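The file structure.tsv contains TSV, C-alpha atoms:
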```tsv
chain	number	residue	atom	x	y	z
A	1	MET	CA	6.70	17.43	20.10
A	2	GLY	CA	8.89	20.48	20.57
A	3	THR	CA	10.40	22.53	23.34
A	4	VAL	CA	8.63	24.18	26.26
A	5	GLY	CA	8.66	27.98	26.11
A	6	THR	CA	7.12	30.86	24.23
A	7	GLY	CA	10.19	32.96	23.43
A	8	ALA	CA	10.57	34.20	19.86
A	9	ASP	CA	13.94	32.46	19.50
A	10	ARG	CA	12.48	29.11	20.52
A	11	ILE	CA	9.56	29.55	18.17
A	12	ALA	CA	11.89	30.37	15.28
A	13	GLY	CA	14.13	27.48	16.31
A	14	GLU	CA	11.37	25.00	15.52
A	15	ARG	CA	11.49	25.90	11.83
A	16	ARG	CA	14.23	23.44	10.86
A	17	GLN	CA	12.39	20.50	12.41
A	18	LEU	CA	9.11	21.55	10.84
A	19	ILE	CA	10.66	21.85	7.37
A	20	ASN	CA	12.14	18.36	7.75
A	21	VAL	CA	8.80	16.90	8.77
A	22	ALA	CA	6.87	18.70	6.02
A	23	TYR	CA	9.29	17.73	3.22
A	24	ARG	CA	9.04	14.05	4.10
A	25	LEU	CA	5.27	14.33	4.24
A	26	LEU	CA	4.88	16.25	0.98
A	27	GLY	CA	7.94	15.47	-1.12
A	28	SER	CA	8.09	19.12	-2.17
A	29	VAL	CA	10.34	21.84	-0.80
A	30	THR	CA	7.98	24.57	-1.96
A	31	GLU	CA	4.90	22.97	-0.42
A	32	ALA	CA	6.83	22.18	2.76
A	33	GLU	CA	7.88	25.83	3.10
A	34	ASP	CA	4.32	26.99	2.48
A	35	ALA	CA	2.92	24.57	5.07
A	36	VAL	CA	5.41	25.69	7.72
A	37	GLN	CA	4.82	29.36	6.92
A	38	ASP	CA	1.07	28.79	7.25
A	39	ALA	CA	1.61	27.17	10.67
A	40	TYR	CA	3.70	30.13	11.86
A	41	THR	CA	1.08	32.56	10.54
A	42	ARG	CA	-1.56	30.79	12.61
A	43	TRP	CA	0.67	30.90	15.68
A	44	TYR	CA	1.32	34.62	15.42
A	45	GLY	CA	-2.38	35.13	14.76
A	46	LEU	CA	-3.22	33.78	18.23
A	47	PRO	CA	-3.90	36.27	21.02
A	48	ARG	CA	-0.93	36.64	23.36
A	49	SER	CA	-3.00	35.19	26.19
A	50	ARG	CA	-3.64	32.05	24.13
A	51	GLN	CA	0.05	31.70	23.23
A	52	GLU	CA	0.97	31.84	26.91
A	53	GLU	CA	-1.47	29.03	27.66
A	54	ILE	CA	0.34	26.68	25.28
A	55	LEU	CA	3.05	24.90	27.26
A	56	SER	CA	4.89	23.59	24.18
A	57	PRO	CA	4.73	25.88	21.14
A	58	GLY	CA	6.84	23.36	19.25
A	59	ALA	CA	4.24	20.67	19.80
A	60	TRP	CA	1.50	23.07	18.73
A	61	LEU	CA	3.38	24.04	15.56
A	62	THR	CA	4.11	20.41	14.69
A	63	THR	CA	0.47	19.46	15.15
A	64	VAL	CA	-0.72	22.33	12.98
A	65	THR	CA	1.92	21.65	10.33
A	66	GLY	CA	0.94	17.98	10.31
A	67	ARG	CA	-2.72	18.85	9.81
A	68	ILE	CA	-1.89	21.26	6.99
A	69	CYS	CA	0.22	18.58	5.28
A	70	LEU	CA	-2.57	16.04	5.77
A	71	ASP	CA	-4.99	18.36	3.98
A	72	LEU	CA	-2.50	18.92	1.16
A	73	LEU	CA	-1.92	15.19	0.77
A	74	GLY	CA	-5.66	14.65	0.58
A	75	SER	CA	-5.96	17.05	-2.34
A	76	ALA	CA	-2.70	15.97	-4.00
A	77	ARG	CA	-4.27	13.04	-5.83
A	78	ALA	CA	-6.73	15.30	-7.59
A	79	ARG	CA	-3.95	17.74	-8.48
A	80	ARG	CA	-1.73	14.98	-9.82
A	81	GLU	CA	-4.49	13.67	-12.04
A	82	ARG	CA	-4.02	16.92	-13.96
A	83	TYR	CA	-0.22	16.71	-13.84
A	84	VAL	CA	1.42	16.03	-17.20
A	85	GLY	CA	3.22	12.69	-17.01
A	86	ALA	CA	4.64	11.09	-13.88
A	87	TRP	CA	5.00	13.07	-10.62
A	88	LEU	CA	8.23	12.66	-8.65
A	89	PRO	CA	9.41	14.27	-5.40
A	90	GLU	CA	11.77	17.24	-5.64
A	91	PRO	CA	15.43	16.17	-5.64
A	92	LEU	CA	17.79	17.80	-3.17
A	93	PRO	CA	21.51	18.54	-3.20
A	94	ASP	CA	23.40	17.77	-0.03
A	95	ARG	CA	24.85	20.38	2.31
A	96	THR	CA	28.29	20.53	0.67
A	97	GLU	CA	26.79	20.86	-2.80
A	98	TRP	CA	24.46	23.59	-1.58
A	99	ASP	CA	27.33	25.54	-0.03
A	100	ARG	CA	29.43	25.13	-3.14
A	101	THR	CA	26.77	26.72	-5.32
A	102	GLY	CA	26.62	29.74	-3.03
A	103	ALA	CA	22.91	29.43	-2.35
A	104	ALA	CA	23.25	30.53	1.24
A	105	ASP	CA	25.97	31.94	3.48
A	106	ALA	CA	26.58	32.09	7.20
A	107	THR	CA	24.87	35.44	7.59
A	108	GLY	CA	22.08	35.27	5.00
A	109	PRO	CA	18.73	33.54	5.36
A	110	ALA	CA	18.87	29.80	4.74
A	111	ASP	CA	16.88	28.36	1.89
A	112	PRO	CA	14.34	25.71	2.99
A	113	ALA	CA	16.23	23.04	1.04
A	114	ASP	CA	19.36	23.88	3.00
A	115	GLN	CA	17.62	23.02	6.28
A	116	ILE	CA	16.59	19.49	5.34
A	117	VAL	CA	18.65	16.75	6.97
A	118	LEU	CA	19.65	14.23	4.31
A	119	ASP	CA	19.33	10.64	5.52
A	120	GLU	CA	17.75	7.38	4.38
A	121	SER	CA	14.27	8.84	4.90
A	122	VAL	CA	14.72	11.33	2.04
A	123	THR	CA	16.23	9.09	-0.63
A	124	MET	CA	14.17	9.13	-3.80
A	125	ALA	CA	13.44	5.42	-3.41
A	126	PHE	CA	12.04	6.00	0.08
A	127	LEU	CA	10.01	9.06	-0.93
A	128	VAL	CA	8.49	7.13	-3.84
A	129	VAL	CA	7.38	4.41	-1.39
A	130	LEU	CA	5.81	7.10	0.79
A	131	GLU	CA	3.80	8.19	-2.25
A	132	SER	CA	2.11	4.78	-2.29
A	133	MET	CA	0.64	5.35	1.18
A	134	THR	CA	-2.66	6.93	2.08
A	135	PRO	CA	-2.31	10.44	3.56
A	136	ALA	CA	-3.10	9.16	7.07
A	137	GLU	CA	-0.62	6.26	6.75
A	138	ARG	CA	2.09	8.62	5.59
A	139	VAL	CA	1.57	11.06	8.45
A	140	ALA	CA	1.46	8.30	11.07
A	141	PHE	CA	4.53	6.56	9.67
A	142	VAL	CA	6.69	9.64	9.15
A	143	LEU	CA	5.91	11.15	12.55
A	144	HIS	CA	6.36	7.90	14.46
A	145	ASP	CA	8.96	5.82	12.60
A	146	VAL	CA	11.10	8.68	11.26
A	147	PHE	CA	10.73	11.35	13.96
A	148	ARG	CA	9.78	9.12	16.91
A	149	TYR	CA	6.72	11.05	18.01
A	150	PRO	CA	4.39	9.02	20.29
A	151	PHE	CA	1.06	7.86	18.94
A	152	ALA	CA	-0.76	9.86	21.59
A	153	GLU	CA	0.52	13.07	19.98
A	154	ILE	CA	0.06	11.80	16.42
A	155	ALA	CA	-3.58	11.17	17.32
A	156	ASP	CA	-4.01	14.94	17.74
A	157	VAL	CA	-2.78	15.47	14.19
A	158	LEU	CA	-4.93	12.81	12.58
A	159	GLY	CA	-7.97	13.18	14.78
A	160	ARG	CA	-7.96	9.44	15.50
A	161	THR	CA	-7.25	7.26	18.50
A	162	PRO	CA	-3.65	6.30	19.32
A	163	ALA	CA	-4.55	2.68	18.58
A	164	ALA	CA	-5.82	3.63	15.12
A	165	CYS	CA	-2.65	5.64	14.47
A	166	LYS	CA	-0.56	2.64	15.48
A	167	GLN	CA	-2.43	0.49	12.94
A	168	LEU	CA	-1.88	3.10	10.24
A	169	ALA	CA	1.86	3.16	10.91
A	170	ALA	CA	1.99	-0.64	10.85
A	171	SER	CA	0.25	-0.71	7.48
A	172	ALA	CA	2.67	1.86	6.12
A	173	ARG	CA	5.60	-0.09	7.54
A	174	ARG	CA	4.55	-3.14	5.55
A	175	ARG	CA	4.73	-1.08	2.36
A	176	VAL	CA	8.25	0.02	3.23
A	177	GLY	CA	9.23	-3.50	4.18
A	178	ALA	CA	8.22	-4.78	0.77
A	179	ALA	CA	11.09	-2.81	-0.76
A	180	ALA	CA	14.54	-4.41	-0.58
A	181	ALA	CA	17.21	-2.60	1.42
A	182	PRO	CA	19.49	-0.45	-0.78
A	183	VAL	CA	23.14	-1.31	-1.24
A	184	ALA	CA	25.89	0.60	0.52
A	185	THR	CA	26.50	4.09	-0.82
A	186	ALA	CA	30.02	3.18	-1.97
A	187	GLY	CA	28.73	0.37	-4.18
A	188	ARG	CA	26.01	2.57	-5.60
A	189	GLY	CA	28.55	5.27	-6.42
A	190	ASP	CA	30.66	2.90	-8.49
A	191	VAL	CA	27.65	1.78	-10.53
A	192	VAL	CA	26.45	5.36	-11.09
A	193	ARG	CA	29.93	6.37	-12.22
A	194	HIS	CA	29.99	3.55	-14.77
A	195	VAL	CA	26.54	4.60	-16.01
A	196	LYS	CA	27.85	8.14	-16.49
A	197	GLU	CA	30.85	6.91	-18.47
A	198	ALA	CA	28.75	4.64	-20.68
A	199	TRP	CA	26.17	7.38	-21.23
A	200	GLU	CA	28.84	9.91	-22.21
A	201	THR	CA	30.34	7.51	-24.79
A	202	LYS	CA	26.87	6.40	-25.97
A	203	ASP	CA	27.87	2.81	-25.31
A	204	ILE	CA	24.54	0.97	-25.45
A	205	GLU	CA	26.12	-2.41	-24.75
A	206	ALA	CA	27.80	-1.12	-21.59
A	207	LEU	CA	24.58	0.55	-20.44
A	208	VAL	CA	22.61	-2.66	-20.96
A	209	GLY	CA	25.17	-4.47	-18.83
A	210	LEU	CA	24.74	-1.95	-16.02
A	211	LEU	CA	20.94	-2.05	-16.09
A	212	ASN	CA	18.80	-4.81	-14.67
A	213	PRO	CA	16.80	-6.42	-17.53
A	214	ALA	CA	13.62	-5.45	-15.66
A	215	ALA	CA	14.78	-1.91	-14.81
A	216	VAL	CA	12.30	0.96	-14.93
A	217	MET	CA	13.02	4.61	-15.72
A	218	THR	CA	10.51	7.27	-14.66
A	219	ALA	CA	10.84	10.87	-15.84
A	220	ASP	CA	9.10	13.96	-14.51
A	221	GLY	CA	8.90	16.88	-16.92
A	222	GLY	CA	5.61	18.25	-15.64
A	223	GLY	CA	4.71	19.42	-19.12
A	224	MET	CA	7.48	22.02	-18.88
A	225	ALA	CA	10.37	19.92	-20.18
A	226	GLY	CA	10.55	17.04	-22.60
A	227	ALA	CA	10.16	13.69	-20.85
A	228	ALA	CA	8.63	10.29	-21.49
A	229	LEU	CA	5.05	10.48	-20.25
A	230	ARG	CA	5.09	6.81	-19.24
A	231	PRO	CA	7.82	4.82	-17.47
A	232	VAL	CA	10.37	3.24	-19.81
A	233	GLU	CA	10.62	-0.45	-18.94
A	234	GLY	CA	13.46	-2.87	-19.64
A	235	GLY	CA	17.22	-2.36	-19.53
A	236	ALA	CA	17.67	-2.47	-23.30
A	237	ARG	CA	14.92	0.09	-23.95
A	238	ILE	CA	16.25	2.40	-21.25
A	239	ALA	CA	19.77	2.22	-22.71
A	240	GLN	CA	18.45	3.12	-26.16
A	241	TYR	CA	16.40	5.96	-24.69
A	242	MET	CA	19.41	7.37	-22.82
A	243	VAL	CA	21.57	7.34	-25.94
A	244	ALA	CA	18.78	8.95	-27.96
A	245	ILE	CA	18.63	11.76	-25.38
A	246	ALA	CA	22.39	12.28	-25.69
A	247	ASP	CA	22.08	12.45	-29.48
A	248	LYS	CA	19.38	15.12	-29.24
A	249	ALA	CA	21.21	17.22	-26.65
A	250	PRO	CA	24.68	18.15	-27.90
A	251	GLY	CA	26.76	19.92	-25.31
A	252	LEU	CA	25.08	18.14	-22.40
A	253	GLU	CA	27.49	17.70	-19.48
A	254	LEU	CA	27.05	14.94	-16.90
A	255	LEU	CA	28.20	15.50	-13.32
A	256	GLU	CA	28.38	13.08	-10.41
A	257	ARG	CA	26.46	14.65	-7.57
A	258	SER	CA	24.77	13.63	-4.35
A	259	VAL	CA	21.00	13.49	-4.89
A	260	ASN	CA	18.90	13.25	-1.72
A	261	GLY	CA	21.94	11.96	0.12
A	262	VAL	CA	23.05	9.23	-2.31
A	263	PRO	CA	25.13	9.18	-5.53
A	264	GLY	CA	23.28	10.47	-8.59
A	265	LEU	CA	23.84	12.36	-11.82
A	266	VAL	CA	23.15	15.93	-12.86
A	267	ALA	CA	22.89	16.86	-16.54
A	268	GLN	CA	23.55	20.48	-17.40
A	269	ARG	CA	23.94	22.57	-20.53
A	270	ALA	CA	25.74	25.91	-20.53
A	271	GLY	CA	25.76	25.83	-16.74
A	272	VAL	CA	22.00	25.33	-16.44
A	273	VAL	CA	20.78	22.16	-14.75
A	274	MET	CA	18.41	20.30	-17.07
A	275	THR	CA	17.98	16.96	-15.29
A	276	VAL	CA	18.68	15.45	-11.88
A	277	ALA	CA	18.72	11.65	-11.85
A	278	SER	CA	18.52	9.33	-8.86
A	279	PHE	CA	19.25	5.61	-8.97
A	280	GLU	CA	18.24	2.46	-7.13
A	281	VAL	CA	20.95	-0.19	-7.30
A	282	ARG	CA	20.65	-3.84	-6.30
A	283	ASP	CA	23.21	-6.59	-6.80
A	284	GLY	CA	25.47	-4.26	-8.76
A	285	ARG	CA	22.86	-3.23	-11.33
A	286	VAL	CA	20.51	-0.30	-11.70
A	287	THR	CA	16.90	-1.31	-11.10
A	288	ARG	CA	15.22	2.11	-11.03
A	289	ILE	CA	16.04	5.53	-12.43
A	290	TRP	CA	14.09	8.64	-11.42
A	291	ALA	CA	14.84	11.60	-13.67
A	292	VAL	CA	13.43	14.99	-12.65
A	293	ARG	CA	13.31	17.53	-15.50
A	294	ASN	CA	10.55	19.86	-14.34
A	295	PRO	CA	12.46	23.17	-13.90
A	296	GLN	CA	10.20	24.17	-11.01
A	297	LYS	CA	11.55	21.19	-9.07
A	298	LEU	CA	15.18	22.00	-9.86
A	299	ARG	CA	15.37	25.36	-8.11
A	300	PRO	CA	17.79	24.17	-5.40
A	301	TRP	CA	20.13	23.18	-8.24
A	302	GLY	CA	19.76	26.44	-10.17
A	303	ARG	CA	23.23	27.73	-9.36
A	304	GLU	CA	24.99	24.47	-10.24
A	305	GLY	CA	28.12	24.96	-12.31
```
Show me, as structure tokens, the structure contained in the file I just sent.
Amino acid sequence: MGTVGTGADRIAGERRQLINVAYRLLGSVTEAEDAVQDAYTRWYGLPRSRQEEILSPGAWLTTVTGRICLDLLGSARARRERYVGAWLPEPLPDRTEWDRTGAADATGPADPADQIVLDESVTMAFLVVLESMTPAERVAFVLHDVFRYPFAEIADVLGRTPAACKQLAASARRRVGAAAAPVATAGRGDVVRHVKEAWETKDIEALVGLLNPAAVMTADGGGMAGAALRPVEGGARIAQYMVAIADKAPGLELLERSVNGVPGLVAQRAGVVMTVASFEVRDGRVTRIWAVRNPQKLRPWGREG
């Protein structure tokens, strides 16, 4: 894990990889940044003689970051018991969207969200599956299956044998395998666009036709924004709920945007992002909607519009 060397540039160069690992482990940009910062603080707190003994600072930082994330995941369940309503991972704009909003430039410091590589391992559907894993399963799976770290090194993070880590990853893999593969991005984009059009015109019949009869919509307001505290189940009920939201929010503008690397929708009012919605689409119909409304989770989108 990491690159041999103790130079300051090489140490700083590990940051992007560490942020990517931590976001997939935690589902939170803020917590990922804090975990990585904590790991760097521990590194710079080591005596120089100890730093020079470490052949791969990158491996050391990854191990420490992994352990910090493991501890956070262990306490997350207790924290989320106090969370108001459903908890969802933080949605991310893609690189082009981030540049367009002016959140970072070539000379200024990059925001943590700007450093996260958007691929299939950060889609909302994938992150939600990761939430179903135990902390140890999640760490083993993400480090091995996503980042290709060997089990011998993952064992140092989890404090278990390589064989035990392999079993944890296999268990996690079965959870992922239970979810059907998503459709191609192009097909998903067409469906999301039609949802936007039907939502804008408050066409309940069209929305019902675009939603799977067994679709589920989960909203995350965190007690800071209005949101259904329980998942809304059924295509017809979701369509009615969406139209009711539009009726109660005059002036709401819907934008097609990339959300965690796949087509999604952003709802804004007076230039302020109110909701970021991600969709799971199968066989041409929406099966899941994840709507994040907690303003603390929408910071990367704050300059939208």
Which residues of region 49-133 of chain A have any atom within 8 Å of an atom in region 144-157 of chain A when counting all atoms listed in the file, and what is the closest pair of atoms for each, with the distance in Å to one decimal? Order the rows by chain and rising number and write it as JSON lines.
```
{"residue": "A:Thr63", "atom": "CA", "partner": "A:Val157", "partner_atom": "CA", "distance": 5.2}
{"residue": "A:Val64", "atom": "CA", "partner": "A:Val157", "partner_atom": "CA", "distance": 7.3}
{"residue": "A:Gly66", "atom": "CA", "partner": "A:Val157", "partner_atom": "CA", "distance": 5.9}
{"residue": "A:Arg67", "atom": "CA", "partner": "A:Val157", "partner_atom": "CA", "distance": 5.5}
{"residue": "A:Ser121", "atom": "CA", "partner": "A:Val146", "partner_atom": "CA", "distance": 7.1}
```
- With distances taken over all atoms listed in the file, which of A:Val272, A:Leu88, A:Ala198, A:Ala163 is nearest to Val292 (chain A)?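 Closest to Val292 (chain A) of all the choices is A:Leu88.
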- Query: Could you name the residues that touch Leu168 (chain A) at 12 Å or less, counting all atoms listed in the file, but leaving out those on the same chain fewer than 5 positions away, as a PyMOL selection string?
  - Reply: chain A and resi 133-145+151+154-155+158+160-163+173-175
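Using all atoms listed in the file, the smallest distance between any of A:Ala12, A:Ala32, A:Lys202, A:Gly187 and Lys248 (chain A) comes from A:Lys202.
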- Query: Near Gln268 (chain A), within 10 Å and counting all atoms listed in the file, which residues show up once chain neighbours fewer than 4 positions away are dropped, as number ranges by chain?
  - Reply: A: 251-255, 272-276, 304-305
Could you work out an axis-aligned box for region 22-32 of chain A, taking every atom the file lists and adding 5 Å on each side, and report centre and edge lengths in Å to one decimal, as JSON?
```
{"center_x": 7.6, "center_y": 19.3, "center_z": 1.9, "size_x": 15.5, "size_y": 20.5, "size_z": 18.2}
```
- Task: Name the residues in contact with Arg237 (chain A) at a cut-off of 12 Å, using only C-alpha atoms, excluding same-chain residues fewer than 3 positions from it; report them as a list of chain:residue names.
- Result: A:Ile204, A:Glu205, A:Leu207, A:Val208, A:Leu211, A:Asn212, A:Pro213, A:Ala214, A:Ala215, A:Val216, A:Met217, A:Pro231, A:Val232, A:Glu233, A:Gly234, A:Gln240, A:Tyr241, A:Met242, A:Val243, A:Ala244
- Query: To one decimal place, how far is CA of Val84 (chain A) from CA of Glu280 (chain A) in Å?
  - Reply: 23.8 Å
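Pairwise distance (CA of Ala291 (chain A), CA of Ala219 (chain A)) equals 4.6 Å.
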- Note on the structure: Using all atoms listed in the file, the best pick from A:Val117, A:Ala246, A:Asn294, A:Arg10 as closest to Ala227 (chain A) would be A:Asn294
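Using all atoms listed in the file, the protein and nucleic acid residues lying no more than 10 Å from Arg257 (chain A), apart from those fewer than 5 places from it along its own chain, are Pro93, Asp94, Glu97, Gly189, Val192, Val262, Pro263, Gly264, Leu265, Val266, Ala267, Val276, Ala277 and Ser278 of chain A.
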- Nearest to Ala35 (chain A), restricted to all atoms listed in the file and choosing among A:Arg15, A:Arg230, A:Arg193, A:Arg299, comes out as A:Arg15
- Message: Considering all atoms listed in the file, can you say which of A:Val176, A:Leu92, A:Leu55, A:Ala22 comes closest to Ser258 (chain A)?
- Response: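 Going through A:Val176, A:Leu92, A:Leu55, A:Ala22 one by one, the smallest distance to Ser258 (chain A) is for A:Leu92.
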- Item | Counting all atoms listed in the file, the option among A:Met224, A:Leu46, A:Ala39, A:Ile54 closest to Ile68 (chain A) |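 Among the listed residues, A:Ala39 lies closest to Ile68 (chain A).
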- Can you tell me how far CA of Ser132 (chain A) sits from CA of Trp301 (chain A), in Å to one decimal? 26.4 Å
- Task: Could you give me, as a list in words, the residues within 12 Å of Asp34 (chain A), counting all atoms listed in the file and dropping anything in the same chain fewer than 5 positions from it?
- Result: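 The filter keeps Arg15, Leu18, Ile19, Ala22, Tyr23, Leu26, Ser28, Val29, Ala39, Tyr40, Thr41, Thr65, Ile68, Cys69, Leu72 and Pro112 of chain A.
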Now that the selection is made, can you save its residues with C-alpha atoms as a PDB file, keeping the file's coordinate frame?
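Heads up, here's the output in selection_4.pdb:
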```pdb
ATOM      1  CA  ARG A  15      11.490  25.900  11.830  1.00  0.00           C
ATOM      2  CA  LEU A  18       9.110  21.550  10.840  1.00  0.00           C
ATOM      3  CA  ILE A  19      10.660  21.850   7.370  1.00  0.00           C
ATOM      4  CA  ALA A  22       6.870  18.700   6.020  1.00  0.00           C
ATOM      5  CA  TYR A  23       9.290  17.730   3.220  1.00  0.00           C
ATOM      6  CA  LEU A  26       4.880  16.250   0.980  1.00  0.00           C
ATOM      7  CA  SER A  28       8.090  19.120  -2.170  1.00  0.00           C
ATOM      8  CA  VAL A  29      10.340  21.840  -0.800  1.00  0.00           C
ATOM      9  CA  ALA A  39       1.610  27.170  10.670  1.00  0.00           C
ATOM     10  CA  TYR A  40       3.700  30.130  11.860  1.00  0.00           C
ATOM     11  CA  THR A  41       1.080  32.560  10.540  1.00  0.00           C
ATOM     12  CA  THR A  65       1.920  21.650  10.330  1.00  0.00           C
ATOM     13  CA  ILE A  68      -1.890  21.260   6.990  1.00  0.00           C
ATOM     14  CA  CYS A  69       0.220  18.580   5.280  1.00  0.00           C
ATOM     15  CA  LEU A  72      -2.500  18.920   1.160  1.00  0.00           C
ATOM     16  CA  PRO A 112      14.340  25.710   2.990  1.00  0.00           C
TER      17      PRO A 112
END
```
